[in-house]
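Participant: I have a structure here, written as C-alpha cells, and I will follow up with some questions on it.
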Amino acid sequence: MNKRNIKKIEKVFKGGANHYRIELLVLIDKNPDITLSSLVDIMDVAFKTLAQHLYKLYLYGLINKIYNNQRVMHRLSDSGKKVVRFIKSWM
C-alpha cells in the first residue's frame, strides 16, 4: 500500500466516525436524493447539527450533493456505498 491509499482510507474512516454520520449514511442509502429537511424529520435532530455532519460526509467524499433549483439532495458516493456495505455487515 502506498501513502496516498493509506491517507484515503484514513479520510474515509474519519468521515464515518460518528453515530450521526453512520445513521445518515444508512438513511441516504435507503433514500437516495433525500434532502436535509427530510433527514431532520426522520432523525428528529437539530437542523444545524445534521447540516454540519452532512458537510463532513461531503468533505470526506462519502456523499455527493445534487442541486435541483432550491433543493439540495444527497446521494452516496462510491466510497460511501463501500462504507455502508461495511456498516451493514456489522448490523
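How things are named: the first chain in the C-alpha cells is A, the next is B, and so on; residues count from 1 in each chain; ligands count from 1 in the order shown.
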Do you know which residues are at most 9 Å from Val72 of chain A counting only C-alpha atoms, after dropping those on the same chain fewer than 6 positions away, and could you put them as an MDAnalysis selection string?

Facilitator: chainID A and resid 33:36 65:66

Participant: Go ahead and write the residues just picked, N, CA and C atoms, as a short mmCIF file (atom, residue, chain, number, x, y, z; two decimals), in the first residue's frame.

Facilitator:
data_model
loop_
_atom_site.label_atom_id
_atom_site.label_comp_id
_atom_site.auth_asym_id
_atom_site.auth_seq_id
_atom_site.Cartn_x
_atom_site.Cartn_y
_atom_site.Cartn_z
N ASP A 33 -31.21 10.71 -2.89
CA ASP A 33 -31.72 12.05 -3.23
C ASP A 33 -32.55 12.66 -2.11
N ILE A 34 -32.30 12.25 -0.88
CA ILE A 34 -33.02 12.80 0.28
C ILE A 34 -32.47 14.19 0.61
N THR A 35 -33.34 15.05 1.11
CA THR A 35 -32.94 16.41 1.46
C THR A 35 -32.64 16.49 2.96
N LEU A 36 -31.98 17.56 3.34
CA LEU A 36 -31.67 17.79 4.75
C LEU A 36 -32.95 17.89 5.57
N LYS A 65 -23.61 15.86 -3.39
CA LYS A 65 -24.76 16.75 -3.32
C LYS A 65 -25.25 17.00 -4.74
N ILE A 66 -26.57 16.96 -4.91
CA ILE A 66 -27.18 17.21 -6.21
C ILE A 66 -28.07 18.43 -6.04
#

Participant: Extract, using only C-alpha atoms, all DNA, RNA and protein residues at most 8 Å from segment 77-79 of chain A, discarding same-chain residues fewer than 3 positions from it, and format them as a PDB file with N, CA and C atoms, in the first residue's frame.

Facilitator:
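The result, written out as out-v3.pdb:
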ATOM      1  N   VAL A  12     -11.701   8.233   4.864  1.00  0.00           N
ATOM      2  CA  VAL A  12     -12.992   7.546   4.852  1.00  0.00           C
ATOM      3  C   VAL A  12     -13.396   7.156   6.273  1.00  0.00           C
ATOM      4  N   GLY A  61     -15.799  12.831   1.220  1.00  0.00           N
ATOM      5  CA  GLY A  61     -16.059  12.117  -0.026  1.00  0.00           C
ATOM      6  C   GLY A  61     -17.022  10.946   0.090  1.00  0.00           C
ATOM      7  N   LEU A  62     -17.849  10.938   1.131  1.00  0.00           N
ATOM      8  CA  LEU A  62     -18.767   9.815   1.316  1.00  0.00           C
ATOM      9  C   LEU A  62     -20.145  10.066   0.719  1.00  0.00           C
ATOM     10  N   ILE A  63     -20.489  11.324   0.485  1.00  0.00           N
ATOM     11  CA  ILE A  63     -21.753  11.644  -0.178  1.00  0.00           C
ATOM     12  C   ILE A  63     -21.521  12.670  -1.275  1.00  0.00           C
ATOM     13  N   ASN A  64     -22.454  12.715  -2.196  1.00  0.00           N
ATOM     14  CA  ASN A  64     -22.483  13.746  -3.232  1.00  0.00           C
ATOM     15  C   ASN A  64     -23.715  14.601  -3.017  1.00  0.00           C
ATOM     16  N   LYS A  82     -19.358   1.796  -0.225  1.00  0.00           N
ATOM     17  CA  LYS A  82     -18.484   0.783   0.381  1.00  0.00           C
ATOM     18  C   LYS A  82     -18.564   0.839   1.897  1.00  0.00           C
ATOM     19  N   VAL A  83     -18.606   2.058   2.443  1.00  0.00           N
ATOM     20  CA  VAL A  83     -18.701   2.209   3.895  1.00  0.00           C
ATOM     21  C   VAL A  83     -20.029   1.652   4.399  1.00  0.00           C
TER      22      VAL A  83
END

Participant: Taking into account only C-alpha atoms, which residue in the set A:Ala46, A:Leu59, A:Ala17, A:Leu25 is nearest to His74 of chain A?

Facilitator: A:Leu25

Participant: For Val45 of chain A, which of A:Leu24, A:Gly16, A:Asn2, A:Asn68 is the closest residue, counting only C-alpha atoms?

Facilitator: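 For Val45 of chain A, the nearest of the given residues is A:Leu24.
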
Participant: Let's see if you can do this: from backbone DSSP, list all helix (DSSP H, G or I) residues in segment 24-67 of chain A, as a PyMOL selection string.

Facilitator: chain A and resi 24-30+36-43+47-59

Participant: Please provide as JSON, numbers by chain all residues within 10 Å of Pro32 of chain A, with the sequence filter that same-chain residues fewer than 2 positions apart are discarded (counting only C-alpha atoms).

Facilitator: {"A": [27, 28, 29, 30, 34, 35, 73, 74, 75, 76]}

Participant: Might you pull out every residue within 12 Å of Lys14 of chain A, with only C-alpha atoms counted and same-chain residues fewer than 5 positions away left off, and present them as a PyMOL selection string?

Facilitator: chain A and resi 7-9+19+21-22+53+56-62+83

Participant: Please produce a file of the residues just selected, as a PDB file, in the first residue's frame, where the atoms kept are N, CA and C atoms.

Facilitator:
ATOM      1  N   LYS A   7      -3.805   7.326   3.194  1.00  0.00           N
ATOM      2  CA  LYS A   7      -4.448   8.604   3.552  1.00  0.00           C
ATOM      3  C   LYS A   7      -5.917   8.597   3.137  1.00  0.00           C
ATOM      4  N   LYS A   8      -6.221   8.024   1.993  1.00  0.00           N
ATOM      5  CA  LYS A   8      -7.609   7.960   1.522  1.00  0.00           C
ATOM      6  C   LYS A   8      -8.448   7.110   2.469  1.00  0.00           C
ATOM      7  N   ILE A   9      -7.901   5.982   2.900  1.00  0.00           N
ATOM      8  CA  ILE A   9      -8.609   5.104   3.836  1.00  0.00           C
ATOM      9  C   ILE A   9      -8.816   5.818   5.172  1.00  0.00           C
ATOM     10  N   HIS A  19     -21.734   8.649  15.388  1.00  0.00           N
ATOM     11  CA  HIS A  19     -23.011   7.938  15.329  1.00  0.00           C
ATOM     12  C   HIS A  19     -24.031   8.644  14.442  1.00  0.00           C
ATOM     13  N   ARG A  21     -23.281  10.433  11.740  1.00  0.00           N
ATOM     14  CA  ARG A  21     -22.848  10.222  10.352  1.00  0.00           C
ATOM     15  C   ARG A  21     -23.118   8.789   9.898  1.00  0.00           C
ATOM     16  N   ILE A  22     -22.966   7.830  10.799  1.00  0.00           N
ATOM     17  CA  ILE A  22     -23.286   6.447  10.452  1.00  0.00           C
ATOM     18  C   ILE A  22     -24.766   6.332  10.121  1.00  0.00           C
ATOM     19  N   HIS A  53     -22.906  17.628   9.997  1.00  0.00           N
ATOM     20  CA  HIS A  53     -22.477  16.251   9.747  1.00  0.00           C
ATOM     21  C   HIS A  53     -22.559  15.907   8.258  1.00  0.00           C
ATOM     22  N   LYS A  56     -19.504  17.316   6.660  1.00  0.00           N
ATOM     23  CA  LYS A  56     -18.316  16.484   6.879  1.00  0.00           C
ATOM     24  C   LYS A  56     -18.342  15.239   5.990  1.00  0.00           C
ATOM     25  N   LEU A  57     -19.504  14.623   5.844  1.00  0.00           N
ATOM     26  CA  LEU A  57     -19.606  13.470   4.945  1.00  0.00           C
ATOM     27  C   LEU A  57     -19.245  13.863   3.514  1.00  0.00           C
ATOM     28  N   TYR A  58     -19.659  15.051   3.123  1.00  0.00           N
ATOM     29  CA  TYR A  58     -19.334  15.564   1.788  1.00  0.00           C
ATOM     30  C   TYR A  58     -17.826  15.824   1.675  1.00  0.00           C
ATOM     31  N   LEU A  59     -17.272  16.476   2.691  1.00  0.00           N
ATOM     32  CA  LEU A  59     -15.833  16.777   2.693  1.00  0.00           C
ATOM     33  C   LEU A  59     -14.984  15.513   2.602  1.00  0.00           C
ATOM     34  N   TYR A  60     -15.400  14.472   3.309  1.00  0.00           N
ATOM     35  CA  TYR A  60     -14.652  13.219   3.327  1.00  0.00           C
ATOM     36  C   TYR A  60     -14.960  12.338   2.117  1.00  0.00           C
ATOM     37  N   GLY A  61     -15.799  12.831   1.220  1.00  0.00           N
ATOM     38  CA  GLY A  61     -16.059  12.117  -0.026  1.00  0.00           C
ATOM     39  C   GLY A  61     -17.022  10.946   0.090  1.00  0.00           C
ATOM     40  N   LEU A  62     -17.849  10.938   1.131  1.00  0.00           N
ATOM     41  CA  LEU A  62     -18.767   9.815   1.316  1.00  0.00           C
ATOM     42  C   LEU A  62     -20.145  10.066   0.719  1.00  0.00           C
ATOM     43  N   VAL A  83     -18.606   2.058   2.443  1.00  0.00           N
ATOM     44  CA  VAL A  83     -18.701   2.209   3.895  1.00  0.00           C
ATOM     45  C   VAL A  83     -20.029   1.652   4.399  1.00  0.00           C
TER      46      VAL A  83
END

Participant: So how far away is atom CA of Glu10 of chain A from atom CA of Leu50 of chain A, in Å?

Facilitator: 22.2 Å
